[in-house]
Amino acid sequence: MAQTIQDFVGKTLDDAPITPTHIKVIALIAAGYFFDILDLIVLGALIPDMVATKFATQTEAGLIGSATLVGLFIGSFGQGQFTDRIGRKTVYQFNLLLFGVFTILGALAPSLTLLAVCRFIAGIGLGAEQPLTFTYAGEYSPKRIRGRILAIVHFIGGACVWPIAFLFPLLFRDTLGWRGIWIVIGIGALIVFVFRFTLPESPRWLATHGKGDEALKILKDMGLPGPKETLSTDAASDTKTDPFMVVFREFPSRVIAGMVCFSAFFGVAIGLGAWLPSIMNAKGFTITKSLTYTFGMTLAVPCASLFMMYALDKIGRKKTSVTTFICAGVMAIAFANAQTDTQLLVAGFIMIFFYQVAGNAMQIFASEVFPTNARASGFGMAAGVGRLMTAWILPTILWIQTGYGTTTVFVCIAAVLLIAAFSVTQMGPESRQKGLDEVAQPTA
């Protein structure tokens, strides 16, 4: 029986050497991801200044974050239907344009209500970016080093940004103000938007949607060998399936486990990113000292990505994620009981290192356990629910801290991380050094 187009394209990409196209794809994906995550994290550093300038109260600032997260939910959850149906590139470009324009408009908003609306719309673009980042990069990556490539994308776009997200406001909050910082982020995103017009479509997506000739042309442009015999087609070569139905009919346990994991990871990462400076400020630290200490702790994030470059392809996604989720829970308790500045910094650094390794190993795993014709949908649904839960978690952290104290906040965080550790085991088979179609075959 002749080899099918989608099988040939998938195996060619799985076994490919690194080409200039790979480098361009990785660089432009990471660049867009950088500005999206920068925007997501920087809110926590801007809240004290928004409160100090009387633009918003602490509670109102939290609602601005929640408006962004509701947008993130819609963007993450909804983009999969479009991405899996009409292609990765078109949706990828639109979401970055939406994010960049409304980030700038939000920075210029004269009222809290208009800012919340702009943050909601920018959140839709932001929410669509992350599922596509790992879906798109993973579909181009050779299987033997796919974990390393996705870790590199995260290192550039999702890890280095954490210390920058705290250092940038620390250095420029007095000169640019919170509005100017958001304008810079929006302009940066629009610059990347222009450069990303040069990105090609995913050959895997083309091969499963009746566009095999276009997929083969991209492989040829990459310098990869073409087929030596006539390729056949089958039902999965031009799929007409509903991506949502594929996910819920074929992979319900994977997507539900992913929803739990993303809720835990985003809740902890974004919740602490938003409130840690304020929590430390409430402990008696000045705003500047709180931001400085938080900056020191977030240096753990690029360290976590560097570790993932080794662990994902050597140890595996599951073992790495489960072990570090448990370790992060233990360190959350240690952080809550730190008695000195040094203990606080060390415990915070190690805690952030572990939950960043755990959460990002998990989300890379989640980007691999659904088939090409439903990959963005499965990942997006899991991530979208995680975003929505985070919109609830943000005010809940403040409520727990106010009513029950900081120690209780971190006990709850530890419990959530242990639940995530179990859920990772339910997300599907280990994907280490396996082709994407081995992990989840496209459904006819």
# chains A, B, ... in the order shown; residues from 1 in each chain; ligands from 1
>>> closest_atom_pairs(of="range 191-240 of chain A", to="range 4-25 of chain A", cutoff="6 Å", atoms="only C-alpha atoms", output="JSON lines")
{"residue": "A:Ala207", "atom": "CA", "partner": "A:Gln6", "partner_atom": "CA", "distance": 4.8}
{"residue": "A:Thr208", "atom": "CA", "partner": "A:Gln6", "partner_atom": "CA", "distance": 5.8}
{"residue": "A:Leu231", "atom": "CA", "partner": "A:Thr4", "partner_atom": "CA", "distance": 5.3}
{"residue": "A:Ser232", "atom": "CA", "partner": "A:Thr4", "partner_atom": "CA", "distance": 4.5}
{"residue": "A:Thr233", "atom": "CA", "partner": "A:Thr4", "partner_atom": "CA", "distance": 5.2}
>>> residues_around(residues="range 106-116 of chain A", least_positions_apart="2", cutoff="8 Å", atoms="only C-alpha atoms", output="PyMOL selection string")
chain A and resi 55-56+63-64+67-68+102-104+118-120+178-180+182-183
>>> residues_around(residues="Val42 in chain A", least_positions_apart="6", cutoff="9 Å", atoms="only C-alpha atoms", output="MDAnalysis selection string")
chainID A and resid 162 164:166 168:169 181:182 273:274
>>> atom_distance(atom1="CA of Ala415 in chain A", atom2="CA of Gly329 in chain A")
6.9 Å
>>> closest_residue(among="A:Val385, A:Ala420, A:Ile124, A:Met427", to="Pro252 in chain A", atoms="only C-alpha atoms")
A:Met427
>>> closest_residue(among="A:Tyr310, A:Pro142, A:Pro371, A:Ile333", to="Thr239 in chain A", atoms="only C-alpha atoms")
A:Pro371
>>> select_by_dssp(residues="range 51-283 of chain A", states="helix (DSSP H, G or I)", output="ChimeraX atom specification")
/A:51-52,58-86,88-107,112-140,143-159,161-172,177-198,203-207,212-221,235-237,243-250,252-282
>>> residues_around(residues="Phe349 in chain A", least_positions_apart="4", cutoff="12 Å", atoms="only C-alpha atoms", output="list of chain:residue names")
A:Pro163, A:Tyr293, A:Thr294, A:Phe295, A:Gly296, A:Met297, A:Thr298, A:Leu299, A:Ala300, A:Val301, A:Pro302, A:Cys303, A:Ala304, A:Ala328, A:Met331, A:Ala332, A:Ala334, A:Phe335, A:Thr342, A:Gln343, A:Leu344, A:Leu345, A:Phe353, A:Phe354, A:Tyr355, A:Gln356
>>> write_last_selection(atoms="N, CA and C atoms", output="CSV table (one decimal), in the first residue's frame")
chain,number,residue,atom,x,y,z
A,163,PRO,N,12.1,37.6,34.5
A,163,PRO,CA,12.9,38.7,35.2
A,163,PRO,C,12.8,40.0,34.5
A,293,TYR,N,13.1,42.1,45.1
A,293,TYR,CA,13.2,40.7,45.6
A,293,TYR,C,12.4,39.8,44.6
A,294,THR,N,11.3,40.2,44.1
A,294,THR,CA,10.6,39.4,43.2
A,294,THR,C,11.4,39.1,41.9
A,295,PHE,N,12.1,40.2,41.5
A,295,PHE,CA,13.0,40.0,40.3
A,295,PHE,C,14.0,38.9,40.6
A,296,GLY,N,14.6,38.9,41.8
A,296,GLY,CA,15.6,37.9,42.1
A,296,GLY,C,15.0,36.5,42.0
A,297,MET,N,13.8,36.4,42.5
A,297,MET,CA,13.2,35.0,42.5
A,297,MET,C,12.9,34.6,41.1
A,298,THR,N,12.5,35.5,40.3
A,298,THR,CA,12.1,35.1,38.9
A,298,THR,C,13.2,34.8,38.0
A,299,LEU,N,14.5,35.0,38.5
A,299,LEU,CA,15.6,34.4,37.7
A,299,LEU,C,15.6,32.9,37.7
A,300,ALA,N,14.7,32.3,38.5
A,300,ALA,CA,14.6,30.9,38.5
A,300,ALA,C,13.9,30.4,37.2
A,301,VAL,N,13.1,31.3,36.5
A,301,VAL,CA,12.3,30.8,35.4
A,301,VAL,C,13.3,30.5,34.2
A,302,PRO,N,14.2,31.3,33.8
A,302,PRO,CA,15.1,30.9,32.7
A,302,PRO,C,15.9,29.7,33.1
A,303,CYS,N,16.3,29.6,34.4
A,303,CYS,CA,17.0,28.3,34.8
A,303,CYS,C,16.1,27.1,34.6
A,304,ALA,N,14.8,27.2,34.9
A,304,ALA,CA,13.9,26.1,34.7
A,304,ALA,C,13.9,25.7,33.2
A,328,ALA,N,7.4,21.5,44.0
A,328,ALA,CA,7.0,22.9,44.1
A,328,ALA,C,6.0,23.0,45.3
A,331,MET,N,8.0,23.3,48.5
A,331,MET,CA,8.7,24.5,48.6
A,331,MET,C,7.7,25.7,48.9
A,332,ALA,N,6.4,25.5,48.5
A,332,ALA,CA,5.4,26.6,48.8
A,332,ALA,C,5.3,26.7,50.3
A,334,ALA,N,7.6,25.8,52.5
A,334,ALA,CA,8.8,26.4,53.0
A,334,ALA,C,8.8,27.9,52.8
A,335,PHE,N,8.3,28.4,51.7
A,335,PHE,CA,8.3,29.8,51.4
A,335,PHE,C,7.4,30.5,52.5
A,342,THR,N,16.9,36.2,53.5
A,342,THR,CA,17.6,35.2,52.8
A,342,THR,C,16.8,33.9,52.5
A,343,GLN,N,16.1,33.4,53.6
A,343,GLN,CA,15.3,32.2,53.5
A,343,GLN,C,14.1,32.5,52.5
A,344,LEU,N,13.6,33.7,52.5
A,344,LEU,CA,12.5,34.0,51.6
A,344,LEU,C,12.9,34.0,50.2
A,345,LEU,N,14.1,34.6,49.9
A,345,LEU,CA,14.6,34.6,48.5
A,345,LEU,C,15.0,33.2,48.0
A,353,PHE,N,11.3,27.8,40.5
A,353,PHE,CA,12.0,26.9,39.6
A,353,PHE,C,11.2,25.6,39.4
A,354,PHE,N,10.7,25.0,40.4
A,354,PHE,CA,10.0,23.7,40.3
A,354,PHE,C,8.7,23.9,39.6
A,355,TYR,N,7.9,24.9,40.0
A,355,TYR,CA,6.6,25.0,39.4
A,355,TYR,C,6.7,25.4,37.9
A,356,GLN,N,7.7,26.2,37.6
A,356,GLN,CA,7.9,26.5,36.1
A,356,GLN,C,8.3,25.3,35.3
>>> atom_distance(atom1="CA of Leu170 in chain A", atom2="CA of Ala45 in chain A")
8.0 Å
>>> residues_around(residues="Leu312 in chain A", least_positions_apart="5", cutoff="7 Å", atoms="only C-alpha atoms", output="list in words")
Gly147, Arg148, Arg317 and Arg432 of chain A
>>> closest_residue(among="A:Trp399, A:Tyr404, A:Phe244, A:Phe99", to="Asp84 in chain A", atoms="only C-alpha atoms")
A:Phe244
>>> atom_distance(atom1="CA of Asp437 in chain A", atom2="CA of Gly210 in chain A")
17.3 Å
>>> residues_around(residues="Thr90 in chain A", least_positions_apart="2", cutoff="12 Å", atoms="only C-alpha atoms", output="list in words")
Gln79, Phe82, Thr83, Asp84, Arg85, Ile86, Gly87, Arg88, Tyr92, Gln93, Phe94, Asn95, Leu96, Leu97, Ala128, Glu129, Leu132, Tyr136, Phe193, Arg196, Phe197, Thr198, Leu199, Pro200, Glu201 and Ser202 of chain A
